[in-house]
>>> print(open('run.pdb').read())   # PDB, N, CA and C atoms and all ligand atoms
ATOM      1  N   MET V   1     -31.431  24.953  19.022
ATOM      2  CA  MET V   1     -30.594  23.793  18.671
ATOM      3  C   MET V   1     -30.356  23.736  17.165
ATOM      4  N   GLU V   2     -30.631  24.832  16.493
ATOM      5  CA  GLU V   2     -30.471  24.824  15.036
ATOM      6  C   GLU V   2     -29.024  24.554  14.630
ATOM      7  N   GLY V   3     -28.854  23.609  13.749
ATOM      8  CA  GLY V   3     -27.516  23.291  13.267
ATOM      9  C   GLY V   3     -26.784  22.270  14.105
ATOM     10  N   TYR V   4     -27.367  21.896  15.240
ATOM     11  CA  TYR V   4     -26.710  20.909  16.103
ATOM     12  C   TYR V   4     -27.121  19.489  15.699
ATOM     13  N   VAL V   5     -26.191  18.560  15.847
ATOM     14  CA  VAL V   5     -26.419  17.167  15.505
ATOM     15  C   VAL V   5     -26.172  16.315  16.744
ATOM     16  N   SER V   6     -27.053  15.349  16.991
ATOM     17  CA  SER V   6     -26.869  14.432  18.117
ATOM     18  C   SER V   6     -25.729  13.464  17.809
ATOM     19  N   VAL V   7     -24.774  13.356  18.741
ATOM     20  CA  VAL V   7     -23.586  12.531  18.466
ATOM     21  C   VAL V   7     -23.335  11.439  19.508
ATOM     22  N   ALA V   8     -24.015  11.522  20.656
ATOM     23  CA  ALA V   8     -23.769  10.531  21.705
ATOM     24  C   ALA V   8     -24.833  10.676  22.779
ATOM     25  N   ALA V   9     -24.971   9.629  23.597
ATOM     26  CA  ALA V   9     -25.796   9.754  24.792
ATOM     27  C   ALA V   9     -25.033  10.596  25.814
ATOM     28  N   ALA V  10     -25.763  11.330  26.630
ATOM     29  CA  ALA V  10     -25.123  12.260  27.565
ATOM     30  C   ALA V  10     -24.185  11.558  28.543
ATOM     31  N   ASP V  11     -24.497  10.284  28.861
ATOM     32  CA  ASP V  11     -23.666   9.567  29.837
ATOM     33  C   ASP V  11     -22.741   8.540  29.182
ATOM     34  N   GLU V  12     -22.543   8.674  27.887
ATOM     35  CA  GLU V  12     -21.783   7.651  27.149
ATOM     36  C   GLU V  12     -20.293   7.646  27.477
ATOM     37  N   LEU V  13     -19.718   8.820  27.611
ATOM     38  CA  LEU V  13     -18.273   8.912  27.819
ATOM     39  C   LEU V  13     -17.925   9.126  29.284
ATOM     40  N   LYS V  14     -16.990   8.342  29.758
ATOM     41  CA  LYS V  14     -16.468   8.537  31.109
ATOM     42  C   LYS V  14     -15.304   9.528  31.039
ATOM     43  N   PRO V  15     -14.914  10.122  32.168
ATOM     44  CA  PRO V  15     -13.780  11.042  32.156
ATOM     45  C   PRO V  15     -12.553  10.407  31.499
ATOM     46  N   ALA V  16     -11.894  11.188  30.665
ATOM     47  CA  ALA V  16     -10.681  10.806  29.912
ATOM     48  C   ALA V  16     -10.980   9.927  28.709
ATOM     49  N   GLN V  17     -12.269   9.666  28.442
ATOM     50  CA  GLN V  17     -12.611   8.906  27.240
ATOM     51  C   GLN V  17     -12.931   9.854  26.093
ATOM     52  N   MET V  18     -12.768   9.361  24.857
ATOM     53  CA  MET V  18     -13.153  10.136  23.689
ATOM     54  C   MET V  18     -13.813   9.247  22.657
ATOM     55  N   LYS V  19     -14.531   9.879  21.734
ATOM     56  CA  LYS V  19     -15.277   9.160  20.702
ATOM     57  C   LYS V  19     -15.076   9.865  19.374
ATOM     58  N   ARG V  20     -14.799   9.088  18.346
ATOM     59  CA  ARG V  20     -14.724   9.645  16.998
ATOM     60  C   ARG V  20     -16.136   9.886  16.487
ATOM     61  N   ILE V  21     -16.370  11.059  15.923
ATOM     62  CA  ILE V  21     -17.672  11.365  15.354
ATOM     63  C   ILE V  21     -17.464  12.060  14.001
ATOM     64  N   ALA V  22     -18.495  12.047  13.170
ATOM     65  CA  ALA V  22     -18.459  12.765  11.895
ATOM     66  C   ALA V  22     -19.654  13.707  11.862
ATOM     67  N   VAL V  23     -19.384  14.992  11.689
ATOM     68  CA  VAL V  23     -20.455  15.990  11.638
ATOM     69  C   VAL V  23     -20.165  16.925  10.460
ATOM     70  N   GLY V  24     -21.147  17.063   9.588
ATOM     71  CA  GLY V  24     -20.979  17.965   8.452
ATOM     72  C   GLY V  24     -19.789  17.614   7.580
ATOM     73  N   GLY V  25     -19.485  16.319   7.483
ATOM     74  CA  GLY V  25     -18.373  15.878   6.659
ATOM     75  C   GLY V  25     -17.019  16.029   7.320
ATOM     76  N   LYS V  26     -17.000  16.501   8.577
ATOM     77  CA  LYS V  26     -15.740  16.664   9.305
ATOM     78  C   LYS V  26     -15.526  15.519  10.280
ATOM     79  N   ARG V  27     -14.280  15.117  10.422
ATOM     80  CA  ARG V  27     -13.918  14.094  11.408
ATOM     81  C   ARG V  27     -13.534  14.792  12.704
ATOM     82  N   LEU V  28     -14.307  14.526  13.745
ATOM     83  CA  LEU V  28     -14.133  15.227  15.012
ATOM     84  C   LEU V  28     -13.976  14.231  16.157
ATOM     85  N   LEU V  29     -13.548  14.766  17.297
ATOM     86  CA  LEU V  29     -13.476  13.972  18.524
ATOM     87  C   LEU V  29     -14.342  14.622  19.584
ATOM     88  N   LEU V  30     -15.168  13.810  20.217
ATOM     89  CA  LEU V  30     -15.887  14.235  21.414
ATOM     90  C   LEU V  30     -15.074  13.745  22.604
ATOM     91  N   CYS V  31     -14.710  14.657  23.500
ATOM     92  CA  CYS V  31     -13.780  14.333  24.594
ATOM     93  C   CYS V  31     -14.410  14.666  25.934
ATOM     94  N   ASN V  32     -14.240  13.767  26.884
ATOM     95  CA  ASN V  32     -14.665  14.036  28.257
ATOM     96  C   ASN V  32     -13.421  14.337  29.093
ATOM     97  N   SER V  33     -13.313  15.604  29.515
ATOM     98  CA  SER V  33     -12.190  15.996  30.366
ATOM     99  C   SER V  33     -12.722  16.322  31.752
ATOM    100  N   SER V  34     -12.527  15.405  32.666
ATOM    101  CA  SER V  34     -12.983  15.577  34.058
ATOM    102  C   SER V  34     -14.457  15.941  34.134
ATOM    103  N   GLY V  35     -15.268  15.312  33.276
ATOM    104  CA  GLY V  35     -16.710  15.519  33.313
ATOM    105  C   GLY V  35     -17.219  16.601  32.387
ATOM    106  N   THR V  36     -16.314  17.386  31.794
ATOM    107  CA  THR V  36     -16.720  18.413  30.833
ATOM    108  C   THR V  36     -16.489  17.898  29.419
ATOM    109  N   LEU V  37     -17.526  18.041  28.579
ATOM    110  CA  LEU V  37     -17.415  17.555  27.202
ATOM    111  C   LEU V  37     -16.904  18.650  26.271
ATOM    112  N   HIS V  38     -15.987  18.278  25.396
ATOM    113  CA  HIS V  38     -15.436  19.185  24.387
ATOM    114  C   HIS V  38     -15.484  18.477  23.039
ATOM    115  N   CYS V  39     -15.555  19.266  21.980
ATOM    116  CA  CYS V  39     -15.462  18.705  20.636
ATOM    117  C   CYS V  39     -14.377  19.446  19.869
ATOM    118  N   VAL V  40     -13.466  18.684  19.283
ATOM    119  CA  VAL V  40     -12.333  19.267  18.552
ATOM    120  C   VAL V  40     -12.094  18.466  17.271
ATOM    121  N   ASP V  41     -11.255  19.029  16.375
ATOM    122  CA  ASP V  41     -10.816  18.281  15.191
ATOM    123  C   ASP V  41     -10.148  16.982  15.614
ATOM    124  N   GLU V  42     -10.363  15.941  14.807
ATOM    125  CA  GLU V  42      -9.685  14.676  15.126
ATOM    126  C   GLU V  42      -8.196  14.744  14.813
ATOM    127  N   MET V  43      -7.833  15.464  13.749
ATOM    128  CA  MET V  43      -6.452  15.415  13.284
ATOM    129  C   MET V  43      -5.601  16.522  13.911
ATOM    130  N   CYS V  44      -4.385  16.174  14.253
ATOM    131  CA  CYS V  44      -3.421  17.124  14.794
ATOM    132  C   CYS V  44      -3.127  18.217  13.761
ATOM    133  N   SER V  45      -2.798  19.426  14.226
ATOM    134  CA  SER V  45      -2.471  20.526  13.308
ATOM    135  C   SER V  45      -1.026  20.464  12.843
ATOM    136  N   HIS V  46      -0.241  19.611  13.461
ATOM    137  CA  HIS V  46       1.186  19.542  13.116
ATOM    138  C   HIS V  46       1.405  18.669  11.883
ATOM    139  N   GLU V  47       0.922  17.444  11.950
ATOM    140  CA  GLU V  47       0.940  16.549  10.795
ATOM    141  C   GLU V  47      -0.389  15.819  10.770
ATOM    142  N   ASP V  48      -0.595  15.057   9.708
ATOM    143  CA  ASP V  48      -1.869  14.387   9.533
ATOM    144  C   ASP V  48      -1.905  13.127  10.398
ATOM    145  N   TYR V  49      -2.191  13.313  11.688
ATOM    146  CA  TYR V  49      -2.141  12.210  12.637
ATOM    147  C   TYR V  49      -3.322  12.345  13.594
ATOM    148  N   SER V  50      -3.977  11.208  13.879
ATOM    149  CA  SER V  50      -5.202  11.258  14.675
ATOM    150  C   SER V  50      -4.918  11.480  16.162
ATOM    151  N   LEU V  51      -5.576  12.467  16.728
ATOM    152  CA  LEU V  51      -5.458  12.703  18.169
ATOM    153  C   LEU V  51      -6.205  11.638  18.972
ATOM    154  N   TYR V  52      -7.011  10.830  18.275
ATOM    155  CA  TYR V  52      -7.701   9.730  18.948
ATOM    156  C   TYR V  52      -6.703   8.730  19.529
ATOM    157  N   LEU V  53      -5.501   8.728  18.968
ATOM    158  CA  LEU V  53      -4.460   7.807  19.437
ATOM    159  C   LEU V  53      -3.712   8.372  20.637
ATOM    160  N   GLY V  54      -4.063   9.601  21.041
ATOM    161  CA  GLY V  54      -3.421  10.229  22.193
ATOM    162  C   GLY V  54      -4.240  10.029  23.454
ATOM    163  N   CYS V  55      -4.133  10.973  24.368
ATOM    164  CA  CYS V  55      -4.865  10.846  25.626
ATOM    165  C   CYS V  55      -5.291  12.227  26.124
ATOM    166  N   ILE V  56      -6.243  12.209  27.068
ATOM    167  CA  ILE V  56      -6.774  13.444  27.654
ATOM    168  C   ILE V  56      -6.236  13.585  29.068
ATOM    169  N   ARG V  57      -5.714  14.771  29.366
ATOM    170  CA  ARG V  57      -5.151  14.992  30.700
ATOM    171  C   ARG V  57      -5.194  16.483  31.037
ATOM    172  N   ASP V  58      -5.707  16.817  32.214
ATOM    173  CA  ASP V  58      -5.698  18.200  32.717
ATOM    174  C   ASP V  58      -6.280  19.197  31.710
ATOM    175  N   GLY V  59      -7.409  18.850  31.098
ATOM    176  CA  GLY V  59      -8.061  19.774  30.176
ATOM    177  C   GLY V  59      -7.403  19.871  28.820
ATOM    178  N   LYS V  60      -6.468  18.961  28.548
ATOM    179  CA  LYS V  60      -5.757  18.993  27.272
ATOM    180  C   LYS V  60      -5.796  17.618  26.618
ATOM    181  N   ILE V  61      -5.589  17.640  25.284
ATOM    182  CA  ILE V  61      -5.446  16.370  24.564
ATOM    183  C   ILE V  61      -4.027  16.312  24.027
ATOM    184  N   LYS V  62      -3.413  15.138  24.196
ATOM    185  CA  LYS V  62      -2.024  14.968  23.780
ATOM    186  C   LYS V  62      -1.951  14.212  22.458
ATOM    187  N   CYS V  63      -1.126  14.727  21.546
ATOM    188  CA  CYS V  63      -0.830  14.013  20.307
ATOM    189  C   CYS V  63       0.269  13.000  20.614
ATOM    190  N   SER V  64       0.003  11.738  20.295
ATOM    191  CA  SER V  64       0.976  10.713  20.671
ATOM    192  C   SER V  64       2.124  10.595  19.675
ATOM    193  N   LEU V  65       2.058  11.322  18.546
ATOM    194  CA  LEU V  65       3.159  11.188  17.578
ATOM    195  C   LEU V  65       4.383  12.007  18.000
ATOM    196  N   HIS V  66       4.190  13.302  18.290
ATOM    197  CA  HIS V  66       5.336  14.152  18.684
ATOM    198  C   HIS V  66       5.153  14.807  20.044
ATOM    199  N   GLY V  67       4.030  14.566  20.701
ATOM    200  CA  GLY V  67       3.894  15.001  22.085
ATOM    201  C   GLY V  67       3.311  16.369  22.338
ATOM    202  N   SER V  68       2.814  17.055  21.304
ATOM    203  CA  SER V  68       2.168  18.350  21.569
ATOM    204  C   SER V  68       0.868  18.145  22.346
ATOM    205  N   TYR V  69       0.554  19.111  23.204
ATOM    206  CA  TYR V  69      -0.732  19.147  23.898
ATOM    207  C   TYR V  69      -1.558  20.288  23.331
ATOM    208  N   PHE V  70      -2.874  20.100  23.265
ATOM    209  CA  PHE V  70      -3.797  21.145  22.837
ATOM    210  C   PHE V  70      -4.826  21.364  23.949
ATOM    211  N   ASP V  71      -5.047  22.633  24.270
ATOM    212  CA  ASP V  71      -6.079  22.993  25.258
ATOM    213  C   ASP V  71      -7.447  22.671  24.656
ATOM    214  N   LEU V  72      -8.238  21.840  25.326
ATOM    215  CA  LEU V  72      -9.528  21.423  24.769
ATOM    216  C   LEU V  72     -10.547  22.561  24.744
ATOM    217  N   ALA V  73     -10.370  23.585  25.567
ATOM    218  CA  ALA V  73     -11.323  24.699  25.610
ATOM    219  C   ALA V  73     -11.048  25.720  24.509
ATOM    220  N   THR V  74      -9.783  25.833  24.085
ATOM    221  CA  THR V  74      -9.424  26.861  23.092
ATOM    222  C   THR V  74      -8.893  26.278  21.788
ATOM    223  N   GLY V  75      -8.417  25.045  21.833
ATOM    224  CA  GLY V  75      -7.789  24.430  20.663
ATOM    225  C   GLY V  75      -6.330  24.806  20.480
ATOM    226  N   LYS V  76      -5.811  25.688  21.331
ATOM    227  CA  LYS V  76      -4.439  26.156  21.149
ATOM    228  C   LYS V  76      -3.419  25.130  21.652
ATOM    229  N   PRO V  77      -2.303  25.009  20.916
ATOM    230  CA  PRO V  77      -1.245  24.123  21.403
ATOM    231  C   PRO V  77      -0.570  24.747  22.617
ATOM    232  N   THR V  78      -0.206  23.911  23.570
ATOM    233  CA  THR V  78       0.462  24.432  24.777
ATOM    234  C   THR V  78       1.940  24.069  24.791
ATOM    235  N   CYS V  79       2.381  23.273  23.824
ATOM    236  CA  CYS V  79       3.815  23.011  23.706
ATOM    237  C   CYS V  79       4.144  22.571  22.291
ATOM    238  N   GLU V  80       5.379  22.749  21.921
ATOM    239  CA  GLU V  80       5.846  22.399  20.579
ATOM    240  C   GLU V  80       5.872  20.879  20.408
ATOM    241  N   PRO V  81       5.930  20.387  19.162
ATOM    242  CA  PRO V  81       6.223  21.132  17.941
ATOM    243  C   PRO V  81       5.007  21.798  17.274
ATOM    244  N   ALA V  82       3.780  21.439  17.614
ATOM    245  CA  ALA V  82       2.627  22.073  16.972
ATOM    246  C   ALA V  82       2.595  23.559  17.325
ATOM    247  N   ASP V  83       2.341  24.418  16.328
ATOM    248  CA  ASP V  83       2.239  25.850  16.609
ATOM    249  C   ASP V  83       0.937  26.440  16.070
ATOM    250  N   GLN V  84       0.080  25.585  15.529
ATOM    251  CA  GLN V  84      -1.223  26.034  15.041
ATOM    252  C   GLN V  84      -2.320  25.387  15.880
ATOM    253  N   PRO V  85      -3.418  26.114  16.127
ATOM    254  CA  PRO V  85      -4.506  25.512  16.918
ATOM    255  C   PRO V  85      -5.270  24.460  16.123
ATOM    256  N   ILE V  86      -5.982  23.605  16.835
ATOM    257  CA  ILE V  86      -6.995  22.759  16.216
ATOM    258  C   ILE V  86      -8.329  23.467  16.439
ATOM    259  N   GLN V  87      -9.280  23.176  15.558
ATOM    260  CA  GLN V  87     -10.589  23.830  15.633
ATOM    261  C   GLN V  87     -11.403  23.237  16.785
ATOM    262  N   ILE V  88     -12.136  24.090  17.496
ATOM    263  CA  ILE V  88     -13.064  23.608  18.512
ATOM    264  C   ILE V  88     -14.498  23.874  18.034
ATOM    265  N   TYR V  89     -15.440  23.114  18.572
ATOM    266  CA  TYR V  89     -16.831  23.187  18.120
ATOM    267  C   TYR V  89     -17.749  23.235  19.338
ATOM    268  N   PRO V  90     -18.880  23.968  19.221
ATOM    269  CA  PRO V  90     -19.796  24.064  20.365
ATOM    270  C   PRO V  90     -20.495  22.746  20.679
ATOM    271  N   VAL V  91     -20.647  22.485  21.971
ATOM    272  CA  VAL V  91     -21.273  21.251  22.476
ATOM    273  C   VAL V  91     -22.412  21.641  23.416
ATOM    274  N   LYS V  92     -23.539  20.964  23.287
ATOM    275  CA  LYS V  92     -24.660  21.158  24.211
ATOM    276  C   LYS V  92     -25.166  19.800  24.661
ATOM    277  N   ILE V  93     -25.744  19.783  25.850
ATOM    278  CA  ILE V  93     -26.403  18.572  26.335
ATOM    279  C   ILE V  93     -27.877  18.892  26.507
ATOM    280  N   ASP V  94     -28.721  18.070  25.882
ATOM    281  CA  ASP V  94     -30.158  18.307  25.952
ATOM    282  C   ASP V  94     -30.870  16.980  25.729
ATOM    283  N   ALA V  95     -31.929  16.745  26.494
ATOM    284  CA  ALA V  95     -32.778  15.550  26.344
ATOM    285  C   ALA V  95     -31.951  14.262  26.378
ATOM    286  N   GLY V  96     -30.943  14.227  27.229
ATOM    287  CA  GLY V  96     -30.145  13.013  27.402
ATOM    288  C   GLY V  96     -29.157  12.749  26.278
ATOM    289  N   GLN V  97     -28.977  13.713  25.403
ATOM    290  CA  GLN V  97     -28.070  13.535  24.259
ATOM    291  C   GLN V  97     -27.018  14.653  24.249
ATOM    292  N   VAL V  98     -25.884  14.344  23.618
ATOM    293  CA  VAL V  98     -24.854  15.350  23.364
ATOM    294  C   VAL V  98     -25.030  15.845  21.938
ATOM    295  N   TRP V  99     -25.005  17.163  21.777
ATOM    296  CA  TRP V  99     -25.228  17.781  20.468
ATOM    297  C   TRP V  99     -24.015  18.621  20.106
ATOM    298  N   VAL V 100     -23.607  18.521  18.840
ATOM    299  CA  VAL V 100     -22.441  19.254  18.348
ATOM    300  C   VAL V 100     -22.829  20.034  17.103
ATOM    301  N   LYS V 101     -22.268  21.226  16.994
ATOM    302  CA  LYS V 101     -22.484  22.048  15.801
ATOM    303  C   LYS V 101     -21.155  22.225  15.088
ATOM    304  N   ALA V 102     -21.097  21.781  13.828
ATOM    305  CA  ALA V 102     -19.827  21.887  13.096
ATOM    306  C   ALA V 102     -20.066  22.381  11.675
TER     307      ALA V 102
HETATM  308  S1  LIG U 201       1.654  15.099  14.524
HETATM  309 FE1  LIG U 201       0.864  15.846  16.396
HETATM  310  S2  LIG U 201       2.571  16.821  17.334
HETATM  311 FE2  LIG U 201       3.355  16.101  15.441
END
>>> encode(input="run.pdb", output="C-alpha cells")
Amino acid sequence: MEGYVSVAAADELKPAQMKRIAVGGKRLLLCNSSGTLHCVDEMCSHEDYSLYLGCIRDGKIKCSLHGSYFDLATGKPTCEPADQPIQIYPVKIDAGQVWVKA
C-alpha cells in the first residue's frame, strides 16, 4: 500500500456518485460506475472545467460543458470536442477504506 492515501469509506459512494478528493496536491474525482470505483482528474482536458458537474454513465464520465465523455478505465475521450485523455489513478479497497495513489 506504499504511496496510497485513504480517501473514502469503501461503502461511501453509491453507483453513479462521485466525490472530490485531493491527493498529492492534485484535485481528483473518485467515481462509482456500476459498483466499480475509479479515480480520475477532476478537470476536463478540453477546458478548465470540473467534471464533478457532469455525470457517470456506462463506464464513462460526461463533461457537462461541451458534452465529451471520458472512459473511466482508460481516461480516453470517446467523443469530441475533447481529444486529450484525462489522467487515471490506481484505486484499491482495503480494511473498509478506499485508497488512491497519485
Ligand atoms: S470543457 Fe469539457 S468538453 Fe469542453
>>> resolve_selection(input="run.pdb", expression="the PyMOL selection byres (((not hetatm) and name CA) within 10 of (chain U and resi 201))", output="list in words")
Met43, Cys44, Ser45, His46, Glu47, Asp48, Tyr49, Ser50, Leu51, Gly54, Lys62, Cys63, Ser64, Leu65, His66, Gly67, Ser68, Tyr69, Phe70, Pro77, Cys79, Glu80, Pro81, Ala82 and Asp83 of chain V
>>> atom_distance(input="run.pdb", atom1="atom C of Gln87 (chain V)", atom2="CA of Glu42 (chain V)")
8.9 Å
>>> closest_residue(input="run.pdb", among="V:Leu13, V:Ala102, V:Cys55, V:Val5", to="Pro90 (chain V)", atoms="only C-alpha atoms")
V:Ala102
>>> closest_residue(input="run.pdb", among="V:Ile86, V:His38, V:Lys101, V:Leu72", to="Gly25 (chain V)", atoms="only C-alpha atoms")
V:Lys101
>>> closest_residue(input="run.pdb", among="V:Ala73, V:Ile56, V:Ala95, V:Val40", to="Val23 (chain V)", atoms="only C-alpha atoms")
V:Val40
>>> resolve_selection(input="run.pdb", expression="the PyMOL selection byres (((chain V and resi 27-35 and name CA) around 9) and not hetatm and name CA)", output="VMD selection string")
chain V and resid 7 to 8 13 to 26 36 to 43 51 to 52 56 to 61 72 89 91 100 102
>>> decode(input="run.pdb", residues="region 10-101 of chain V", atoms="C-alpha atoms", output="PDB file, in the first residue's frame")
ATOM      1  CA  ALA V  10     -15.446   1.572   0.995  1.00  0.00           C
ATOM      2  CA  ASP V  11     -19.247   1.873   1.059  1.00  0.00           C
ATOM      3  CA  GLU V  12     -19.422   5.665   0.876  1.00  0.00           C
ATOM      4  CA  LEU V  13     -20.303   6.079  -2.786  1.00  0.00           C
ATOM      5  CA  LYS V  14     -23.372   4.612  -4.416  1.00  0.00           C
ATOM      6  CA  PRO V  15     -23.383   3.759  -8.140  1.00  0.00           C
ATOM      7  CA  ALA V  16     -23.183   6.912 -10.311  1.00  0.00           C
ATOM      8  CA  GLN V  17     -21.978   9.005  -7.371  1.00  0.00           C
ATOM      9  CA  MET V  18     -18.631  10.794  -7.229  1.00  0.00           C
ATOM     10  CA  LYS V  19     -16.538  12.573  -4.614  1.00  0.00           C
ATOM     11  CA  ARG V  20     -13.978  15.331  -4.937  1.00  0.00           C
ATOM     12  CA  ILE V  21     -10.693  14.395  -3.299  1.00  0.00           C
ATOM     13  CA  ALA V  22      -7.207  15.922  -3.061  1.00  0.00           C
ATOM     14  CA  VAL V  23      -4.188  13.616  -3.198  1.00  0.00           C
ATOM     15  CA  GLY V  24      -0.597  14.767  -3.528  1.00  0.00           C
ATOM     16  CA  GLY V  25      -1.737  18.296  -4.306  1.00  0.00           C
ATOM     17  CA  LYS V  26      -3.915  17.091  -7.196  1.00  0.00           C
ATOM     18  CA  ARG V  27      -7.655  17.617  -7.483  1.00  0.00           C
ATOM     19  CA  LEU V  28      -9.203  14.270  -8.332  1.00  0.00           C
ATOM     20  CA  LEU V  29     -12.583  12.573  -8.550  1.00  0.00           C
ATOM     21  CA  LEU V  30     -13.439   9.228  -7.031  1.00  0.00           C
ATOM     22  CA  CYS V  31     -16.232   7.738  -9.161  1.00  0.00           C
ATOM     23  CA  ASN V  32     -18.520   4.770  -8.666  1.00  0.00           C
ATOM     24  CA  SER V  33     -19.512   3.306 -12.025  1.00  0.00           C
ATOM     25  CA  SER V  34     -21.933   0.418 -11.539  1.00  0.00           C
ATOM     26  CA  GLY V  35     -20.130  -0.639  -8.364  1.00  0.00           C
ATOM     27  CA  THR V  36     -16.585  -0.249  -9.707  1.00  0.00           C
ATOM     28  CA  LEU V  37     -14.507   2.580  -8.261  1.00  0.00           C
ATOM     29  CA  HIS V  38     -12.296   4.729 -10.494  1.00  0.00           C
ATOM     30  CA  CYS V  39     -10.132   7.751  -9.797  1.00  0.00           C
ATOM     31  CA  VAL V  40      -9.523  10.399 -12.456  1.00  0.00           C
ATOM     32  CA  ASP V  41      -8.509  14.064 -12.786  1.00  0.00           C
ATOM     33  CA  GLU V  42     -11.254  16.419 -11.689  1.00  0.00           C
ATOM     34  CA  MET V  43     -10.724  18.843 -14.560  1.00  0.00           C
ATOM     35  CA  CYS V  44     -11.690  18.195 -18.171  1.00  0.00           C
ATOM     36  CA  SER V  45      -8.811  18.014 -20.693  1.00  0.00           C
ATOM     37  CA  HIS V  46     -10.659  20.260 -23.126  1.00  0.00           C
ATOM     38  CA  GLU V  47     -11.015  23.382 -20.997  1.00  0.00           C
ATOM     39  CA  ASP V  48     -10.593  24.169 -17.342  1.00  0.00           C
ATOM     40  CA  TYR V  49     -13.974  22.831 -16.237  1.00  0.00           C
ATOM     41  CA  SER V  50     -14.836  20.444 -13.411  1.00  0.00           C
ATOM     42  CA  LEU V  51     -16.091  17.004 -14.388  1.00  0.00           C
ATOM     43  CA  TYR V  52     -17.752  16.928 -10.966  1.00  0.00           C
ATOM     44  CA  LEU V  53     -20.516  18.956 -12.605  1.00  0.00           C
ATOM     45  CA  GLY V  54     -21.110  16.146 -15.114  1.00  0.00           C
ATOM     46  CA  CYS V  55     -22.441  12.644 -14.646  1.00  0.00           C
ATOM     47  CA  ILE V  56     -21.372   8.990 -14.752  1.00  0.00           C
ATOM     48  CA  ARG V  57     -22.945   6.660 -17.282  1.00  0.00           C
ATOM     49  CA  ASP V  58     -21.959   3.307 -18.847  1.00  0.00           C
ATOM     50  CA  GLY V  59     -18.392   3.370 -17.511  1.00  0.00           C
ATOM     51  CA  LYS V  60     -17.829   6.939 -18.652  1.00  0.00           C
ATOM     52  CA  ILE V  61     -17.888  10.408 -17.146  1.00  0.00           C
ATOM     53  CA  LYS V  62     -19.537  13.202 -19.087  1.00  0.00           C
ATOM     54  CA  CYS V  63     -18.312  16.792 -19.156  1.00  0.00           C
ATOM     55  CA  SER V  64     -21.382  18.972 -18.832  1.00  0.00           C
ATOM     56  CA  LEU V  65     -19.823  21.998 -20.555  1.00  0.00           C
ATOM     57  CA  HIS V  66     -19.385  20.645 -24.123  1.00  0.00           C
ATOM     58  CA  GLY V  67     -20.543  17.052 -23.783  1.00  0.00           C
ATOM     59  CA  SER V  68     -17.368  14.996 -24.183  1.00  0.00           C
ATOM     60  CA  TYR V  69     -17.327  11.585 -22.500  1.00  0.00           C
ATOM     61  CA  PHE V  70     -14.199  10.024 -20.985  1.00  0.00           C
ATOM     62  CA  ASP V  71     -13.748   6.289 -20.408  1.00  0.00           C
ATOM     63  CA  LEU V  72     -13.211   5.923 -16.642  1.00  0.00           C
ATOM     64  CA  ALA V  73     -10.955   2.863 -17.093  1.00  0.00           C
ATOM     65  CA  THR V  74      -8.558   4.489 -19.590  1.00  0.00           C
ATOM     66  CA  GLY V  75      -9.154   8.237 -19.308  1.00  0.00           C
ATOM     67  CA  LYS V  76      -9.550   8.484 -23.079  1.00  0.00           C
ATOM     68  CA  PRO V  77     -12.215  10.721 -24.593  1.00  0.00           C
ATOM     69  CA  THR V  78     -14.852   8.805 -26.534  1.00  0.00           C
ATOM     70  CA  CYS V  79     -16.298  11.792 -28.378  1.00  0.00           C
ATOM     71  CA  GLU V  80     -15.378  15.321 -29.364  1.00  0.00           C
ATOM     72  CA  PRO V  81     -14.613  18.087 -28.678  1.00  0.00           C
ATOM     73  CA  ALA V  82     -12.052  16.754 -26.145  1.00  0.00           C
ATOM     74  CA  ASP V  83      -9.181  14.958 -27.901  1.00  0.00           C
ATOM     75  CA  GLN V  84      -6.773  14.509 -24.990  1.00  0.00           C
ATOM     76  CA  PRO V  85      -7.164  11.928 -22.204  1.00  0.00           C
ATOM     77  CA  ILE V  86      -7.615  12.737 -18.542  1.00  0.00           C
ATOM     78  CA  GLN V  87      -5.223  11.051 -16.125  1.00  0.00           C
ATOM     79  CA  ILE V  88      -6.368   7.928 -14.281  1.00  0.00           C
ATOM     80  CA  TYR V  89      -5.023   6.774 -10.908  1.00  0.00           C
ATOM     81  CA  PRO V  90      -4.849   3.357  -9.207  1.00  0.00           C
ATOM     82  CA  VAL V  91      -7.560   2.545  -6.647  1.00  0.00           C
ATOM     83  CA  LYS V  92      -7.536  -0.190  -4.001  1.00  0.00           C
ATOM     84  CA  ILE V  93     -10.010  -1.242  -1.353  1.00  0.00           C
ATOM     85  CA  ASP V  94      -8.572  -2.477   1.922  1.00  0.00           C
ATOM     86  CA  ALA V  95      -9.698  -2.539   5.575  1.00  0.00           C
ATOM     87  CA  GLY V  96     -13.022  -0.895   4.717  1.00  0.00           C
ATOM     88  CA  GLN V  97     -11.360   2.097   3.062  1.00  0.00           C
ATOM     89  CA  VAL V  98     -10.739   3.270  -0.500  1.00  0.00           C
ATOM     90  CA  TRP V  99      -7.093   4.041  -1.238  1.00  0.00           C
ATOM     91  CA  VAL V 100      -5.735   6.108  -4.122  1.00  0.00           C
ATOM     92  CA  LYS V 101      -2.199   6.583  -5.375  1.00  0.00           C
TER      93      LYS V 101
END
